[in-house]
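**Student:** The following block contains the structure, expressed as structure tokens.
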Amino acid sequence: MNPTDSDRDVHAPNSHDSFAGRRAPSHRATRARRDLDRALDAAAALFREIHLGWEDRPLTPAPEWYDSAPLAHTLGPLGVGLVAAVEDFRTRVLPGALGAPDPRYVGLVNSSPLPAGPLADLLISALDNNCGAEHQGPSGAAAEREVLRVFGRLFMDRDNVSGLVLPGGSLANLHGILLARARAFPEWESGGPASVPGRPTLYLSDATHFSGARAGTAAGIGREGVRSVPTDGRGSIRVDELRRMIDDDRASGHLPFAVIATAGTTGTGAFDPVSEIADVAKAEDLWLHVDACYGGAARLLPELTPRFAGLERADSIAIDPHKWFFLPLTCSLVLTRGSTASLNPFDIENSYIPRGTDVYPYQRGILTSRRGMALALWMTLRAHGFDLIRDVVAENIRLTRRLEARLASAGFEVLPDGELSVACARWVPPELEPDEVDRLQGRIAERVLAADRAWFSTVRHAGHTWCRLNILNLDTSEAHVDDIADAMVEAARTPAVSRRSRSGRTR
């Protein structure tokens with residue numbers, strides 16, 4: 001280890017101490033606890049710097065940060081102490097972080113968390129309860145019951161929902177598909193896929209988040225068992241095509257068993273017609289899983305309530321509070337109607353964890369060890385309330401429509417009919433070939449990022465590449481939106497970006 005690091009710790013053990021010593025670990029732990037107050041003060045200052053002052057920092061690390069390899073050879077037998085480690089976080093880690101909390105970050109579906117969430121994370125880590133079994137995390141279990149109750153009422157219009165808090169929407173989607181498989185093919189749970197007399201088939205749209213298709217393959221049905229249904233508009237599933245594909249597959253001897261609908265696609269913010277899909281699912285005896293991971297928070301807005309019609313008929317729903325409910329990563333929910341005890345594919349007998357009168361969370365899902373993220377969600381909602389989240393969601397949507405209007409007035413082609421906080425726009429110089437226009441969108445994004453004006457990505461939709469901007473931030477303002485639009489216009493009109501060279505290739 002670098003001696004300059006170890007020398008900074010005034011409480012470091014003598015060089016003859018070792019990890020194998022019986023008394024040294026206790027001594028080090030005592031010293032560490034003595035430093036805790038100072039470290040907490042330093043961490044609080046750092047928290048304020050991250051949460052309140054990110055606009056004074058660049059959105060992405062400077063190139064020299066990568067060249068300096070700031071974390072190389074920093075770990076070894078001796079520690080530097082809590083206070084020095086917090087300082088290292090400030091000087092070594094923070095310069096290498098992405099500016100997701102920055103109001104100019106309008107990229108992937110990362111939100112700026114409300115203050116209660118990160119604070120709850122600290123307390124949850126201090127408790128270190130394993131919320132896989134209620135007797136190991138009683139308060140976490142109580143929080144989980146309460147958040148499931150309120151989210152069940154919001155999304156399924158009922159109190160008696162089952163579900164879990166999970167680390168990520170991919171697991172929430174997988175959970176729903178595994179339940180669907182257990183319902184349709186109970187023989188699979190004992191005999192495996194060879195016991196099923198045909199190919200199980202899952203339906204989703206070509207705009208569904210890729211975790212839906214991944215859930216199908218992870219559930220063992222294979223890539224050929226995941227059927228992609230065409231879409232129209234911003235990416236809404238075509239129900240007529242869904243019906244046709246189901247009929248064709250049944251005629252071919254396949255076994256349709258589930259369909260995934262989306263309430264707010266991550267690419268373009270589209271809504272599937274959930275109520276119509278629910279009609280198909282009922283008629284065809286399919287499990288209906290709804291991915292509301294991104295768009296779910298818009299359910300708080302009365303004006304968008306009609307877009308969620310039919311959600312209460314879903315068999316399972318995935319929601320990501322770490323997206324538009326402004327929780328820290330990662331906090332996701334899967335909700336199911338009523339009890340799933342009769343089709344539980346997760347409960348494997350064990351002898352070392354005491355059983356309770358109820359089926360514990362570790363017996364109802366993939367995870368055994370479970371962080372108490374339900375407490376972070378409970379504390380965030382307890383501190384800030386749904387009304388604040390609703391107001392920020394509404395403001396994010398309003399600002400997105402403003403951004404679209406600014407870009408359209410400057411000559412960008414804007415994807416119409418946006419309802420959520422995703423804007424898709426493209427600059428289309430008439431002299432460029434279509435493939436060059438597609439590449440141009442990426443260069444516009446790169447140029448804006450290089451100027452440190454914003455961070456956004458591109459998306460493929462309807463055969464074209466679009467600049468994709470997604471606002472999920474507590475502090476983004478009209479001034480930010482206007483500056484982002486100005487930066488995009490400047491980047492699009494820059495000759496080196498939008499014009500061909502004499503060789504016929506875009507620079």
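Letters A, B, ... go to the chains of the structure tokens in the order shown; residues in each chain start at 1; ligands are counted from 1 in the same order.
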In stretch 187-358 of chain A, what's alpha helix (DSSP H) per DSSP? Answer as a ChimeraX atom specification?

**Tutor:** /A:188-191,210-218,239-251,274-284

**Student:** List the neighbours of stretch 112-116 of chain A out to 6 Å using only C-alpha atoms; skip same-chain residues closer than 2 positions along the sequence, and give me the result as a compact mmCIF listing (two decimals) with N, CA and C atoms, in the first residue's frame.

**Tutor:**
```txt
# COMPACT_ATOMS: atom_id res chain seq x y z
N PRO A 101 -27.19 14.13 -10.25
CA PRO A 101 -28.03 15.07 -9.48
C PRO A 101 -28.15 16.45 -10.13
N PRO A 118 -31.32 9.37 0.80
CA PRO A 118 -29.93 9.13 1.18
C PRO A 118 -29.71 9.09 2.69
N LEU A 119 -30.43 9.93 3.42
CA LEU A 119 -30.31 9.89 4.88
C LEU A 119 -30.82 8.55 5.43
N ALA A 120 -31.93 8.07 4.87
CA ALA A 120 -32.43 6.77 5.29
C ALA A 120 -31.43 5.66 4.96
N PHE A 326 -38.24 9.62 -6.91
CA PHE A 326 -37.06 10.33 -6.37
C PHE A 326 -36.45 9.64 -5.15
N LEU A 327 -36.35 8.31 -5.23
CA LEU A 327 -35.61 7.52 -4.25
C LEU A 327 -34.20 7.27 -4.79
N PRO A 328 -33.24 7.01 -3.91
CA PRO A 328 -31.91 6.62 -4.40
C PRO A 328 -31.95 5.22 -5.01
N THR A 380 -38.90 8.37 2.98
CA THR A 380 -39.04 9.43 1.97
C THR A 380 -40.48 9.90 1.87
N ASN A 473 -35.79 15.49 -12.35
CA ASN A 473 -34.93 16.23 -11.44
C ASN A 473 -35.76 17.20 -10.61
```

**Student:** So, counting only C-alpha atoms, which residue among A:Ser170, A:Thr266, A:Ser351, A:Ser252 is closest to A:Ala207?

**Tutor:**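 Checking each of A:Ser170, A:Thr266, A:Ser351, A:Ser252 against A:Ala207, counting only C-alpha atoms, the winner is A:Thr266.
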
**Student:** Applying 9 Å and only C-alpha atoms, which residues near A:Ser457 remain after dropping the ones on its own chain fewer than 3 positions away? List them as a list of chain:residue names.

**Tutor:**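 Once the nearby chain positions are removed, what remains is A:Val106, A:Gly107, A:Leu108, A:Gly442, A:Ala445, A:Glu446, A:Trp466, A:Cys467, A:Arg468, A:Leu469.
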
**Student:** Using DSSP on the backbone coordinates, identify the residues of stretch 132-349 of chain A assigned to strand (DSSP E); present them as a ChimeraX atom specification.

**Tutor:** /A:161-166,200-205,226-229,231-232,236-237,255-262,287-291,316-319,332-337

**Student:** Counting only C-alpha atoms, figure out which residue out of A:Ala62, A:Ala194, A:Cys131, A:Val290 gets nearest to A:Phe155.

**Tutor:** A:Val290

**Student:** Measuring atom to atom with only C-alpha atoms, identify which of A:Val259, A:Glu144, A:Asp315, A:Thr336 is nearest to A:Asn160.

**Tutor:**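 For A:Asn160, the nearest of the candidates is A:Thr336.
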
**Student:** Between A:Ile177, A:Ala126, A:Ala281, A:Leu333, which has the minimum distance to A:Ser162 (counting only C-alpha atoms)?

**Tutor:** A:Leu333

**Student:** Go through stretch 292-344 of chain A and flag each residue having an atom no more than 8 Å from stretch 357-375 of chain A; for those, report the closest pair of atoms plus their distance in Å to one decimal, using only C-alpha atoms, ordered by chain and rising number, as a Markdown table.

**Tutor:**
```
| residue | atom | partner | partner_atom | distance |
| --- | --- | --- | --- | --- |
| A:Thr330 | CA | A:Met373 | CA | 7.9 |
| A:Cys331 | CA | A:Met373 | CA | 6.2 |
| A:Asn344 | CA | A:Arg364 | CA | 6.6 |
```

**Student:** Pull C-alpha atoms from the residues just selected and write them as a PDB file, in the first residue's frame.

**Tutor:**
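Saved to selection30.pdb:
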```pdb
ATOM      1  CA  THR A 330     -32.026   0.944  -6.059  1.00  0.00           C
ATOM      2  CA  CYS A 331     -35.623   0.669  -4.940  1.00  0.00           C
ATOM      3  CA  ASN A 344     -44.970 -19.760  -5.346  1.00  0.00           C
TER       4      ASN A 344
END
```

**Student:** Using only C-alpha atoms, which of A:Gly81, A:Gly76, A:Pro354, A:Gly96 sits nearest A:Pro63?

**Tutor:**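 Among A:Gly81, A:Gly76, A:Pro354, A:Gly96, it is A:Gly96 that comes nearest to A:Pro63.
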
**Student:** Write out as a PyMOL selection string each polymer residue whose atoms come within 10 Å of A:Glu276, counting only C-alpha atoms; drop sequence neighbours fewer than 3 positions from it.

**Tutor:** chain A and resi 238-240+272-273+279-282+309-310

**Student:** Residues as selected, C-alpha atoms, written as a compact mmCIF listing (two decimals), in the first residue's frame, can you do that?

**Tutor:**
```
# COMPACT_ATOMS: atom_id res chain seq x y z
CA ARG A 238 -50.77 -2.79 -31.51
CA VAL A 239 -53.47 -4.91 -29.93
CA ASP A 240 -54.65 -6.24 -33.29
CA ASP A 272 -49.71 0.79 -24.06
CA PRO A 273 -53.53 0.45 -24.08
CA ASP A 279 -59.23 -7.88 -22.41
CA VAL A 280 -56.94 -10.00 -24.58
CA ALA A 281 -55.22 -11.49 -21.55
CA LYS A 282 -58.55 -12.48 -20.01
CA ALA A 309 -57.06 2.52 -17.16
CA GLY A 310 -56.96 -1.24 -16.79
```
